[in-house]
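Participant: Sharing query_13.txt (compact mmCIF, C-alpha atoms and all ligand atoms) below.
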```
# COMPACT_ATOMS: atom_id res chain seq x y z
CA MET A 887 -33.41 123.36 156.45
CA PHE A 888 -30.73 125.75 157.65
CA SER A 889 -31.84 128.44 155.17
CA ASP A 890 -34.95 128.95 157.34
CA LEU A 891 -32.85 129.64 160.42
CA LEU A 892 -30.44 131.81 158.46
CA ASN A 893 -33.34 133.95 157.24
CA SER A 894 -34.09 134.81 160.85
CA LEU A 895 -30.50 135.96 161.52
CA SER A 896 -29.69 139.52 160.55
CA TRP A 897 -26.22 139.97 159.07
CA GLU A 898 -26.10 143.63 160.15
CA GLN A 899 -27.25 143.01 163.71
CA THR A 900 -24.85 140.10 164.10
CA THR A 901 -21.99 142.34 162.96
CA GLU A 902 -23.05 145.01 165.40
CA ARG A 903 -23.20 142.55 168.28
CA ILE A 904 -19.72 141.21 167.53
CA TYR A 905 -18.14 144.65 167.36
CA SER A 906 -19.82 145.79 170.58
CA LYS A 907 -18.23 142.99 172.63
CA THR A 908 -15.94 144.21 175.40
CA GLU A 909 -12.90 142.76 177.16
CA ALA A 910 -15.20 141.86 180.07
CA ASP A 911 -17.24 139.73 177.62
CA VAL A 912 -14.04 138.00 176.50
CA VAL A 913 -12.98 137.24 180.06
CA ARG A 914 -16.45 135.86 180.77
CA ALA A 915 -16.32 133.71 177.62
CA LEU A 916 -12.95 132.27 178.62
CA SER A 917 -14.24 131.15 182.01
CA ALA A 918 -17.71 130.06 180.87
CA GLU A 919 -18.62 126.43 181.43
CA GLN A 920 -20.25 126.29 178.01
CA CYS A 921 -19.23 128.42 175.08
CA GLY A 922 -22.36 129.38 173.14
CA ILE A 923 -22.81 131.77 170.24
CA GLU A 924 -22.62 134.87 172.46
CA GLU A 925 -19.29 133.72 173.91
CA PHE A 926 -18.05 132.75 170.44
CA MET A 927 -18.80 136.26 169.17
CA ALA A 928 -16.78 137.70 172.05
CA LEU A 929 -13.83 135.43 171.23
CA VAL A 930 -13.72 136.42 167.55
CA SER A 931 -14.31 140.09 168.27
CA PRO A 932 -11.58 142.74 168.16
CA ALA A 933 -11.89 142.92 171.96
CA ALA A 934 -10.27 139.46 172.20
CA SER A 935 -7.10 140.44 170.35
CA GLY A 936 -5.27 141.04 173.65
CA TYR A 937 -6.22 137.60 174.98
CA LEU A 938 -4.56 135.36 172.40
CA GLU A 939 -2.22 133.73 174.88
CA ALA A 940 -5.05 132.69 177.21
CA MET A 941 -7.11 131.52 174.24
CA ALA A 942 -4.18 129.51 172.85
CA GLN A 943 -3.63 127.75 176.19
CA LEU A 944 -7.30 126.84 176.53
CA SER A 945 -7.50 125.71 172.90
CA GLN A 946 -4.44 123.51 173.33
CA ARG A 947 -5.79 121.95 176.50
CA LEU A 948 -9.16 121.17 174.92
CA THR A 949 -7.52 119.78 171.78
CA TYR A 950 -5.20 117.47 173.69
CA ALA A 951 -8.09 116.26 175.86
CA ARG A 952 -10.18 115.34 172.82
CA PHE A 953 -7.62 114.41 170.12
CA GLY A 954 -4.45 113.68 172.06
CA LYS A 955 -1.42 114.88 170.11
CA THR A 956 -2.57 113.41 166.81
CA MET A 957 -2.46 115.20 163.48
CA SER A 958 -4.23 113.56 160.55
CA LEU A 959 -2.71 114.05 157.14
CA PHE A 960 -4.59 113.96 153.85
CA ILE A 961 -3.86 114.80 150.26
CA PRO A 962 -6.19 116.34 147.67
CA LEU A 963 -6.57 114.85 144.20
CA TYR A 964 -7.98 117.28 141.64
CA LEU A 965 -9.96 115.31 139.06
CA THR A 966 -11.02 118.14 136.79
CA ASN A 967 -10.81 121.90 136.38
CA SER A 968 -13.87 121.94 134.14
CA CYS A 969 -16.47 124.29 135.62
CA ILE A 970 -19.63 126.04 134.51
CA ASN A 971 -19.56 128.59 137.32
CA SER A 972 -18.10 132.07 137.38
CA CYS A 973 -16.75 132.61 140.87
CA LEU A 974 -14.90 135.91 140.58
CA TYR A 975 -12.04 134.77 142.80
CA CYS A 976 -11.19 131.43 141.15
CA GLY A 977 -8.80 130.57 138.34
CA PHE A 978 -11.08 127.76 137.14
CA HIS A 979 -14.07 130.05 136.42
CA ALA A 980 -15.92 129.33 133.19
CA GLU A 981 -14.85 132.46 131.28
CA ASN A 982 -11.17 131.89 131.95
CA HIS A 983 -9.64 130.46 128.77
CA ILE A 984 -7.40 127.79 130.17
CA PRO A 985 -6.89 124.18 129.08
CA ARG A 986 -9.59 122.06 130.72
CA THR A 987 -8.80 118.57 131.90
CA ILE A 988 -11.05 115.76 133.04
CA LEU A 989 -8.96 112.84 134.23
CA THR A 990 -9.82 109.49 132.65
CA PRO A 991 -10.12 106.34 134.77
CA GLU A 992 -6.59 105.31 133.73
CA GLN A 993 -5.23 108.72 134.70
CA ILE A 994 -7.01 108.63 138.07
CA ASP A 995 -5.43 105.26 138.70
CA ALA A 996 -1.99 106.64 137.79
CA GLU A 997 -2.48 109.62 140.12
CA CYS A 998 -3.35 107.26 142.98
CA ARG A 999 -0.22 105.23 142.43
CA ALA A 1000 1.90 108.40 142.30
CA ILE A 1001 0.42 109.60 145.59
CA LYS A 1002 1.09 106.25 147.22
CA ALA A 1003 4.71 106.58 146.14
CA LEU A 1004 4.92 109.92 147.99
CA ALA A 1005 3.74 108.78 151.41
CA PRO A 1006 1.49 106.21 153.12
CA PHE A 1007 -1.66 108.34 152.80
CA GLU A 1008 -5.00 106.65 153.51
CA ASN A 1009 -7.03 109.86 153.61
CA ILE A 1010 -7.74 111.45 150.24
CA LEU A 1011 -9.93 114.32 149.10
CA LEU A 1012 -11.26 114.26 145.52
CA VAL A 1013 -11.79 117.77 144.18
CA THR A 1014 -13.58 118.89 141.05
CA GLY A 1015 -14.84 122.09 139.49
CA GLU A 1016 -18.60 122.11 139.05
CA ASN A 1017 -19.67 120.64 135.73
CA PRO A 1018 -22.59 118.22 136.09
CA TYR A 1019 -22.61 117.58 132.32
CA ARG A 1020 -19.04 116.38 132.00
CA ALA A 1021 -18.13 115.35 135.54
CA GLY A 1022 -21.42 114.52 137.23
CA VAL A 1023 -22.51 111.88 139.69
CA GLU A 1024 -21.69 108.93 137.41
CA TYR A 1025 -18.18 110.26 136.86
CA LEU A 1026 -17.74 110.68 140.63
CA ARG A 1027 -19.02 107.19 141.26
CA GLU A 1028 -16.45 105.69 138.91
CA ALA A 1029 -13.69 107.85 140.37
CA ILE A 1030 -14.52 106.79 143.93
CA GLU A 1031 -14.53 103.13 142.91
CA ILE A 1032 -11.01 103.50 141.53
CA VAL A 1033 -9.65 105.58 144.39
CA LYS A 1034 -11.14 103.29 147.03
CA ARG A 1035 -8.81 100.53 145.82
CA TYR A 1036 -5.92 102.60 147.15
CA PHE A 1037 -7.31 104.66 150.05
CA ASP A 1038 -9.48 103.76 153.06
CA ASN A 1039 -10.95 107.20 153.63
CA VAL A 1040 -12.36 108.97 150.55
CA LYS A 1041 -13.91 112.42 150.76
CA ILE A 1042 -15.15 114.67 148.00
CA GLU A 1043 -15.23 118.42 147.50
CA VAL A 1044 -17.52 118.82 144.52
CA MET A 1045 -20.73 120.60 143.50
CA PRO A 1046 -23.59 120.33 146.02
CA LEU A 1047 -25.59 117.17 145.31
CA ALA A 1048 -29.05 115.85 146.06
CA SER A 1049 -29.47 113.68 149.14
CA GLU A 1050 -30.02 110.56 147.04
CA ASP A 1051 -26.79 111.23 145.14
CA TYR A 1052 -24.84 111.38 148.39
CA SER A 1053 -26.51 108.13 149.40
CA SER A 1054 -25.62 106.43 146.13
CA LEU A 1055 -21.97 107.55 146.39
CA LYS A 1056 -21.84 106.16 149.91
CA GLN A 1057 -22.64 102.78 148.41
CA VAL A 1058 -19.32 102.82 146.52
CA GLY A 1059 -17.26 103.97 149.49
CA LEU A 1060 -17.73 107.71 150.00
CA ASN A 1061 -16.85 108.66 153.59
CA GLY A 1062 -17.10 112.41 153.71
CA VAL A 1063 -18.11 115.57 151.86
CA ILE A 1064 -16.71 119.08 152.04
CA CYS A 1065 -18.72 122.03 150.79
CA PHE A 1066 -17.81 125.61 151.64
CA GLN A 1067 -20.52 128.22 151.70
CA GLU A 1068 -17.88 130.83 150.77
CA THR A 1069 -20.02 133.56 152.41
CA TYR A 1070 -23.28 133.57 154.38
CA ASN A 1071 -24.00 137.14 153.33
CA ARG A 1072 -27.03 136.38 151.20
CA SER A 1073 -27.42 139.88 149.81
CA ARG A 1074 -23.82 139.97 148.50
CA TYR A 1075 -23.35 136.29 147.63
CA ASN A 1076 -24.29 136.77 143.98
CA ILE A 1077 -21.71 139.50 143.47
CA TYR A 1078 -19.08 136.76 143.75
CA HIS A 1079 -21.17 134.00 142.19
CA PRO A 1080 -23.06 135.69 139.36
CA ARG A 1081 -23.74 132.73 137.07
CA GLY A 1082 -24.01 128.97 136.95
CA MET A 1083 -25.56 126.72 139.55
CA LYS A 1084 -23.38 128.15 142.28
CA ALA A 1085 -25.48 131.31 141.99
CA ASN A 1086 -28.25 129.41 143.82
CA PHE A 1087 -27.56 130.39 147.45
CA ASP A 1088 -30.21 128.18 149.04
CA TRP A 1089 -29.17 125.05 147.15
CA ARG A 1090 -25.66 125.50 148.44
CA VAL A 1091 -26.43 126.52 152.01
CA ASN A 1092 -28.75 123.53 152.44
CA ALA A 1093 -26.24 121.03 151.06
CA PRO A 1094 -25.03 119.98 154.56
CA ASP A 1095 -28.66 119.21 155.48
CA ARG A 1096 -28.85 116.90 152.48
CA MET A 1097 -25.55 115.27 153.50
CA GLY A 1098 -26.94 114.76 156.99
CA GLN A 1099 -30.12 113.24 155.61
CA ALA A 1100 -27.94 110.84 153.61
CA ALA A 1101 -26.00 110.00 156.81
CA VAL A 1102 -22.68 111.00 155.31
CA HIS A 1103 -20.10 110.16 157.96
CA SER A 1104 -18.16 113.41 157.86
CA ILE A 1105 -19.18 116.91 156.75
CA GLY A 1106 -16.63 119.63 156.12
CA MET A 1107 -17.58 123.29 156.07
CA GLY A 1108 -16.07 126.73 155.87
CA VAL A 1109 -16.17 130.24 154.53
CA LEU A 1110 -13.75 131.85 152.15
CA ILE A 1111 -11.88 134.51 154.07
CA GLY A 1112 -11.51 137.60 151.95
CA LEU A 1113 -15.04 138.12 150.66
CA GLU A 1114 -17.05 139.61 153.56
CA ASP A 1115 -16.44 140.53 157.18
CA TRP A 1116 -14.88 137.32 158.44
CA ARG A 1117 -16.13 137.72 162.01
CA THR A 1118 -19.74 137.78 160.88
CA ASP A 1119 -19.23 134.99 158.37
CA VAL A 1120 -17.67 132.63 160.93
CA THR A 1121 -20.43 133.42 163.43
CA MET A 1122 -22.98 132.32 160.83
CA LEU A 1123 -20.84 129.23 160.24
CA ALA A 1124 -20.84 128.50 163.98
CA GLN A 1125 -24.65 128.82 164.00
CA HIS A 1126 -24.80 126.43 161.04
CA ILE A 1127 -22.64 123.81 162.72
CA LYS A 1128 -24.59 123.91 165.97
CA TYR A 1129 -27.82 123.54 163.97
CA LEU A 1130 -26.40 120.49 162.14
CA GLU A 1131 -24.95 118.88 165.26
CA ARG A 1132 -28.36 118.96 166.89
CA ARG A 1133 -30.04 117.30 163.91
CA TYR A 1134 -27.39 114.94 162.54
CA TRP A 1135 -25.62 114.14 165.76
CA ARG A 1136 -23.84 110.99 164.60
CA THR A 1137 -21.99 112.87 161.87
CA ARG A 1138 -18.48 114.25 162.38
CA TYR A 1139 -17.83 117.86 161.44
CA SER A 1140 -14.77 119.71 160.29
CA VAL A 1141 -13.97 123.31 159.47
CA ASN A 1142 -11.38 125.06 157.39
CA PHE A 1143 -10.79 128.78 156.94
CA PRO A 1144 -9.09 129.26 153.55
CA ARG A 1145 -7.71 132.73 153.01
CA LEU A 1146 -7.98 134.03 149.47
CA ARG A 1147 -4.77 133.87 147.51
CA PRO A 1148 -3.98 135.24 144.06
CA ALA A 1149 -5.62 133.24 141.26
CA GLU A 1150 -4.96 133.36 137.53
CA ASN A 1151 -8.22 135.10 136.72
CA GLY A 1152 -7.47 138.74 136.24
CA GLY A 1153 -6.40 139.29 139.81
CA PHE A 1154 -9.41 139.37 142.14
CA GLN A 1155 -8.28 141.23 145.21
CA PRO A 1156 -9.65 140.14 148.60
CA ASN A 1157 -12.04 142.67 150.17
CA VAL A 1158 -10.85 141.67 153.60
CA VAL A 1159 -7.38 140.61 154.65
CA MET A 1160 -7.01 138.34 157.64
CA SER A 1161 -3.64 138.37 159.41
CA ASP A 1162 -1.96 135.28 160.88
CA ARG A 1163 -2.86 136.54 164.37
CA GLU A 1164 -6.50 136.79 163.39
CA LEU A 1165 -6.51 133.29 161.87
CA ALA A 1166 -4.97 132.01 165.11
CA GLN A 1167 -7.64 133.84 167.12
CA LEU A 1168 -10.38 132.30 164.99
CA THR A 1169 -8.86 128.83 165.34
CA PHE A 1170 -8.69 129.10 169.13
CA ALA A 1171 -12.23 130.50 169.27
CA PHE A 1172 -13.59 127.59 167.24
CA ARG A 1173 -11.87 125.02 169.42
CA ILE A 1174 -13.21 126.65 172.59
CA PHE A 1175 -16.66 126.80 170.98
CA ASP A 1176 -16.66 123.21 169.74
CA HIS A 1177 -14.30 120.76 171.46
CA ASP A 1178 -15.01 117.92 169.04
CA ILE A 1179 -14.70 119.64 165.70
CA ASP A 1180 -11.87 118.75 163.38
CA ILE A 1181 -9.96 121.92 162.40
CA SER A 1182 -8.08 121.67 159.15
CA TYR A 1183 -5.31 123.82 157.65
CA SER A 1184 -4.34 123.47 154.01
CA THR A 1185 -1.10 124.14 152.18
CA ARG A 1186 -2.42 127.61 151.41
CA GLU A 1187 -0.80 128.53 154.72
CA GLN A 1188 2.93 129.02 155.24
CA ALA A 1189 4.91 126.09 156.65
CA GLU A 1190 6.09 127.93 159.76
CA PHE A 1191 2.59 129.15 160.64
CA ARG A 1192 1.12 125.69 160.13
CA ASP A 1193 3.77 124.14 162.33
CA ASN A 1194 3.10 126.68 165.09
CA MET A 1195 -0.64 126.08 164.96
CA SER A 1196 -0.23 122.31 164.90
CA THR A 1197 0.15 122.27 168.67
CA LEU A 1198 -2.59 124.76 169.45
CA GLY A 1199 -5.86 123.48 168.02
CA VAL A 1200 -5.46 122.29 164.43
CA THR A 1201 -6.06 118.57 163.97
CA THR A 1202 -5.79 117.96 160.21
CA PHE A 1203 -3.27 119.06 157.61
CA SER A 1204 -3.15 118.56 153.89
CA ALA A 1205 0.37 117.86 152.64
CA GLY A 1206 2.15 117.62 149.31
CA SER A 1207 -0.87 119.16 147.56
CA LYS A 1208 -1.09 119.73 143.82
CA THR A 1209 -4.09 121.85 142.93
CA ASP A 1210 -4.10 121.08 139.21
CA PRO A 1211 -5.76 117.96 137.75
CA GLY A 1212 -3.16 115.34 136.96
CA GLY A 1213 -0.49 117.25 138.88
CA TYR A 1214 1.03 114.18 140.59
CA ALA A 1215 1.69 112.03 137.54
CA THR A 1216 -0.25 112.76 134.37
CA TYR A 1217 0.62 116.31 133.42
CA PRO A 1218 3.56 118.57 134.14
CA GLN A 1219 2.55 121.65 136.12
CA SER A 1220 -0.54 123.20 134.57
CA LEU A 1221 -2.70 125.98 135.98
CA GLU A 1222 -3.34 125.52 139.69
CA GLN A 1223 -6.60 126.57 141.32
CA PHE A 1224 -4.55 128.48 143.86
CA SER A 1225 -0.87 128.61 144.63
CA VAL A 1226 0.30 126.63 147.63
CA SER A 1227 2.49 128.23 150.30
CA ASP A 1228 3.70 125.13 152.11
CA SER A 1229 5.50 123.25 149.36
CA ARG A 1230 7.24 120.70 151.59
CA THR A 1231 6.88 117.05 150.70
CA PRO A 1232 4.47 114.99 152.81
CA MET A 1233 7.38 113.24 154.50
CA GLN A 1234 8.98 116.59 155.35
CA VAL A 1235 5.69 117.78 156.86
CA ALA A 1236 5.44 114.56 158.85
CA ALA A 1237 9.02 114.90 160.11
CA ALA A 1238 8.42 118.49 161.20
CA LEU A 1239 5.27 117.47 163.07
CA ARG A 1240 7.03 114.64 164.85
CA GLY A 1241 9.78 117.10 165.81
CA LEU A 1242 7.05 119.15 167.50
CA GLY A 1243 5.85 116.14 169.45
CA ARG A 1244 2.82 115.44 167.29
CA GLU A 1245 1.71 111.92 166.43
CA VAL A 1246 1.25 111.75 162.66
CA VAL A 1247 -1.82 109.82 161.52
CA TRP A 1248 -1.93 108.71 157.90
CA LYS A 1249 -4.98 106.56 158.46
CA ASP A 1250 -7.91 107.43 160.71
CA TRP A 1251 -10.59 105.29 159.08
CA ASP A 1252 -10.68 101.65 158.10
CA ARG A 1253 -12.79 100.37 155.22
CA SER A 1254 -14.24 97.71 157.52
CA PHE A 1255 -16.02 100.61 159.34
CA ASP A 1256 -17.96 101.22 156.09
CA LEU A 1257 -19.45 97.75 156.41
CA TRP A 1258 -20.19 98.21 160.09
CA ARG A 1259 -21.99 101.48 159.42
CA ASP A 1260 -24.03 99.80 156.68
CA ILE A 1261 -25.07 97.12 159.13
CA GLN A 1262 -26.06 99.84 161.62
CA GLY A 1263 -28.13 101.51 158.90
CA ARG A 1264 -25.75 104.48 158.81
S1 LIG B 1 -14.53 127.99 143.05
FE1 LIG B 1 -15.24 126.01 142.31
S2 LIG B 1 -17.23 126.42 141.43
FE2 LIG B 1 -16.19 128.40 141.55
S3 LIG B 1 -15.20 128.67 139.55
FE3 LIG B 1 -13.72 127.70 140.96
S4 LIG B 1 -13.90 125.52 140.57
FE4 LIG B 1 -15.75 126.51 139.74
```
As structure tokens, what does this structure read like?
Facilitator:
Amino acid sequence: MFSDLLNSLSWEQTTERIYSKTEADVVRALSAEQCGIEEFMALVSPAASGYLEAMAQLSQRLTYARFGKTMSLFIPLYLTNSCINSCLYCGFHAENHIPRTILTPEQIDAECRAIKALAPFENILLVTGENPYRAGVEYLREAIEIVKRYFDNVKIEVMPLASEDYSSLKQVGLNGVICFQETYNRSRYNIYHPRGMKANFDWRVNAPDRMGQAAVHSIGMGVLIGLEDWRTDVTMLAQHIKYLERRYWRTRYSVNFPRLRPAENGGFQPNVVMSDRELAQLTFAFRIFDHDIDISYSTREQAEFRDNMSTLGVTTFSAGSKTDPGGYATYPQSLEQFSVSDSRTPMQVAAALRGLGREVVWKDWDRSFDLWRDIQGR
């Protein structure tokens, strides 16, 4: 399990190594045949801040070679804001007295139809808070069965599950799972996650191993930017992805780097602020480090910034997102998990991308592949 490897990596020493990188290390990393962890640390270090143009060009070249000019679009569907955890930075945390909603099967169906009326999405992400008592595996199974009638590619971003639960959800059409570690700083993790099952660091950090064991087709990962030193956190993330790619090599991987935004929870202030330039640097570094990884930007980011980055390394966008359960059809605006910055409609996002020469992809998976993978024992 990855927790064993992580235990052998010192947070403090990793930080020290990143901050001791020089411009000569950056130049070497940019011309290296293979970008390993040492080179990655150079590319995310402060020493690389003067090399953004060269990094952007290399990132663009590698992205076009692997993905062409495609940009996949997906939309999130929040099923519930019920949660037993107490993440300090989230508006859905258990002590926050807000109306809690768990969409019924009829409401999920109505949300799907409303999304289909917005745009021809085939990629959907089901999101829940973490409440195994009221929205557990059985609830997810029923939700996936409904949603699969409308969408070919169904992913979930829910509480970490056991391997057999991922396997059982695959049987009803699950294609991918996203689970952010938030931070890899074990000694500070519980400051942000003091109660509930999310307080169990190892259970969370080993969730991608359990997804891999269940042969989940696509695994999405990330850290929450704003908790700990982002350069160290993303280096741990890079280590984690390389570890997984070696073990579960038929799985596809994606990353996302959400930056903390204000939430309705008493105003948690980020400890670390990442600028647009730094997010661009990180995006380029990840592409140079891993040519095949899907890099996703959400509507947390501003429209103009997203558009700029769409030609330089990013391969997936969310669009038209509502981050409150029932936000597309069932309820008028209720409390959102976070406020979106890019509030354009999906069709406006698509038009802007086409204007930039990108090929918009609404569908990058066909349900017949599910059957094929079953036949292959995957
Ligand atoms: S981040 Fe997720 S687990 Fe934490 S309080 Fe919010 S909804 Fe619950």
Participant: Rank A:Asp995, A:Glu1043, A:Asp1176, A:Glu902 by their smallest atom-to-atom distance to ligand LIG 1 (chain B), using only C-alpha atoms and all ligand atoms, and report the top residue only.
Facilitator: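 Closest candidate: A:Glu1043.
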Participant: Can you work out which one of A:Phe1087, A:Tyr1183, A:Tyr1070, A:Tyr975 has the shortest atom-to-atom distance to ligand LIG 1 (chain B), counting only C-alpha atoms and all ligand atoms?
Facilitator: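 Ranked by minimum distance to ligand LIG 1 (chain B), first place goes to A:Tyr975.
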Participant: Using all atoms listed in the file, can you tell me which of A:Met941, A:Ala1021, A:Ala934, A:Met1083 comes closest to ligand LIG 1 (chain B)?
Facilitator: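 That would be A:Met1083, the residue with the smallest distance to ligand LIG 1 (chain B).
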Participant: State, in Å with one decimal place, the distance from CA of Leu1011 (chain A) to CA of His983 (chain A).
Facilitator: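 Atom-to-atom, CA of Leu1011 (chain A) and CA of His983 (chain A) are spaced 26.0 Å apart.
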Participant: Go through region 953-1007 of chain A and flag each residue having an atom no more than 7 Å from region 1246-1249 of chain A; for those, report the closest pair of atoms plus their distance in Å to one decimal, using only C-alpha atoms, ordered by chain and rising number, as a tab-separated table.
Facilitator:
```
residue	atom	partner	partner_atom	distance
A:Thr956	CA	A:Val1246	CA	5.9
A:Met957	CA	A:Val1246	CA	5.1
A:Ser958	CA	A:Val1247	CA	4.6
A:Leu959	CA	A:Trp1248	CA	5.4
A:Pro1006	CA	A:Trp1248	CA	6.4
A:Phe1007	CA	A:Trp1248	CA	5.1
```
Participant: Could the residues in this selection be written to a file with C-alpha atoms, as a short mmCIF file (atom, residue, chain, number, x, y, z; two decimals), in the frame of the given file?
Facilitator:
```
data_model
loop_
_atom_site.label_atom_id
_atom_site.label_comp_id
_atom_site.auth_asym_id
_atom_site.auth_seq_id
_atom_site.Cartn_x
_atom_site.Cartn_y
_atom_site.Cartn_z
CA THR A 956 -2.57 113.41 166.81
CA MET A 957 -2.46 115.20 163.48
CA SER A 958 -4.23 113.56 160.55
CA LEU A 959 -2.71 114.05 157.14
CA PRO A 1006 1.49 106.21 153.12
CA PHE A 1007 -1.66 108.34 152.80
#
```
Participant: For a quick check of understanding, using all atoms listed in the file, which of A:Ile1127, A:Ala1215, A:Val1091, A:Ile1111 has the smallest distance to Glu1164 (chain A)?
Facilitator: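 Checking each candidate against Glu1164 (chain A), we get A:Ile1111 as the closest.
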Participant: Since the input lacks atoms, please generate N, CA and C atoms for region 1199-1217 of chain A and provide them as a PDB file, in the frame of the given file.
Facilitator:
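Result written to selection26.pdb:
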```pdb
ATOM      1  N   GLY A1199      -4.436 123.616 168.315  1.00  0.00           N
ATOM      2  CA  GLY A1199      -5.860 123.480 168.020  1.00  0.00           C
ATOM      3  C   GLY A1199      -6.175 122.822 166.690  1.00  0.00           C
ATOM      4  N   VAL A1200      -5.233 122.881 165.755  1.00  0.00           N
ATOM      5  CA  VAL A1200      -5.460 122.290 164.430  1.00  0.00           C
ATOM      6  C   VAL A1200      -5.285 120.772 164.538  1.00  0.00           C
ATOM      7  N   THR A1201      -6.127 120.029 163.853  1.00  0.00           N
ATOM      8  CA  THR A1201      -6.060 118.570 163.970  1.00  0.00           C
ATOM      9  C   THR A1201      -5.876 117.846 162.632  1.00  0.00           C
ATOM     10  N   THR A1202      -5.983 118.577 161.522  1.00  0.00           N
ATOM     11  CA  THR A1202      -5.790 117.960 160.210  1.00  0.00           C
ATOM     12  C   THR A1202      -5.008 118.898 159.303  1.00  0.00           C
ATOM     13  N   PHE A1203      -4.053 118.317 158.600  1.00  0.00           N
ATOM     14  CA  PHE A1203      -3.270 119.060 157.610  1.00  0.00           C
ATOM     15  C   PHE A1203      -3.406 118.370 156.254  1.00  0.00           C
ATOM     16  N   SER A1204      -3.466 119.142 155.188  1.00  0.00           N
ATOM     17  CA  SER A1204      -3.150 118.560 153.890  1.00  0.00           C
ATOM     18  C   SER A1204      -1.639 118.664 153.718  1.00  0.00           C
ATOM     19  N   ALA A1205      -1.081 117.829 152.842  1.00  0.00           N
ATOM     20  CA  ALA A1205       0.370 117.860 152.640  1.00  0.00           C
ATOM     21  C   ALA A1205       0.696 117.387 151.235  1.00  0.00           C
ATOM     22  N   GLY A1206       1.701 118.019 150.647  1.00  0.00           N
ATOM     23  CA  GLY A1206       2.150 117.620 149.310  1.00  0.00           C
ATOM     24  C   GLY A1206       1.164 117.973 148.212  1.00  0.00           C
ATOM     25  N   SER A1207       0.260 118.923 148.473  1.00  0.00           N
ATOM     26  CA  SER A1207      -0.870 119.160 147.560  1.00  0.00           C
ATOM     27  C   SER A1207      -0.471 119.709 146.195  1.00  0.00           C
ATOM     28  N   LYS A1208      -1.080 119.141 145.171  1.00  0.00           N
ATOM     29  CA  LYS A1208      -1.090 119.730 143.820  1.00  0.00           C
ATOM     30  C   LYS A1208      -2.521 120.156 143.559  1.00  0.00           C
ATOM     31  N   THR A1209      -2.720 121.385 143.124  1.00  0.00           N
ATOM     32  CA  THR A1209      -4.090 121.850 142.930  1.00  0.00           C
ATOM     33  C   THR A1209      -4.446 121.966 141.451  1.00  0.00           C
ATOM     34  N   ASP A1210      -3.761 121.175 140.627  1.00  0.00           N
ATOM     35  CA  ASP A1210      -4.100 121.080 139.210  1.00  0.00           C
ATOM     36  C   ASP A1210      -4.417 119.618 138.895  1.00  0.00           C
ATOM     37  N   PRO A1211      -5.411 119.358 138.046  1.00  0.00           N
ATOM     38  CA  PRO A1211      -5.760 117.960 137.750  1.00  0.00           C
ATOM     39  C   PRO A1211      -4.607 117.239 137.062  1.00  0.00           C
ATOM     40  N   GLY A1212      -4.250 116.109 137.559  1.00  0.00           N
ATOM     41  CA  GLY A1212      -3.160 115.340 136.960  1.00  0.00           C
ATOM     42  C   GLY A1212      -1.792 115.791 137.444  1.00  0.00           C
ATOM     43  N   GLY A1213      -1.760 116.637 138.463  1.00  0.00           N
ATOM     44  CA  GLY A1213      -0.490 117.250 138.880  1.00  0.00           C
ATOM     45  C   GLY A1213       0.509 116.293 139.502  1.00  0.00           C
ATOM     46  N   TYR A1214       0.087 115.106 139.953  1.00  0.00           N
ATOM     47  CA  TYR A1214       1.030 114.180 140.590  1.00  0.00           C
ATOM     48  C   TYR A1214       1.760 113.313 139.578  1.00  0.00           C
ATOM     49  N   ALA A1215       1.067 112.984 138.454  1.00  0.00           N
ATOM     50  CA  ALA A1215       1.690 112.030 137.540  1.00  0.00           C
ATOM     51  C   ALA A1215       1.397 112.314 136.080  1.00  0.00           C
ATOM     52  N   THR A1216       0.194 112.767 135.759  1.00  0.00           N
ATOM     53  CA  THR A1216      -0.250 112.760 134.370  1.00  0.00           C
ATOM     54  C   THR A1216       0.275 113.938 133.573  1.00  0.00           C
ATOM     55  N   TYR A1217       0.206 115.121 134.159  1.00  0.00           N
ATOM     56  CA  TYR A1217       0.620 116.310 133.420  1.00  0.00           C
ATOM     57  C   TYR A1217       1.708 117.042 134.184  1.00  0.00           C
TER      58      TYR A1217
END
```
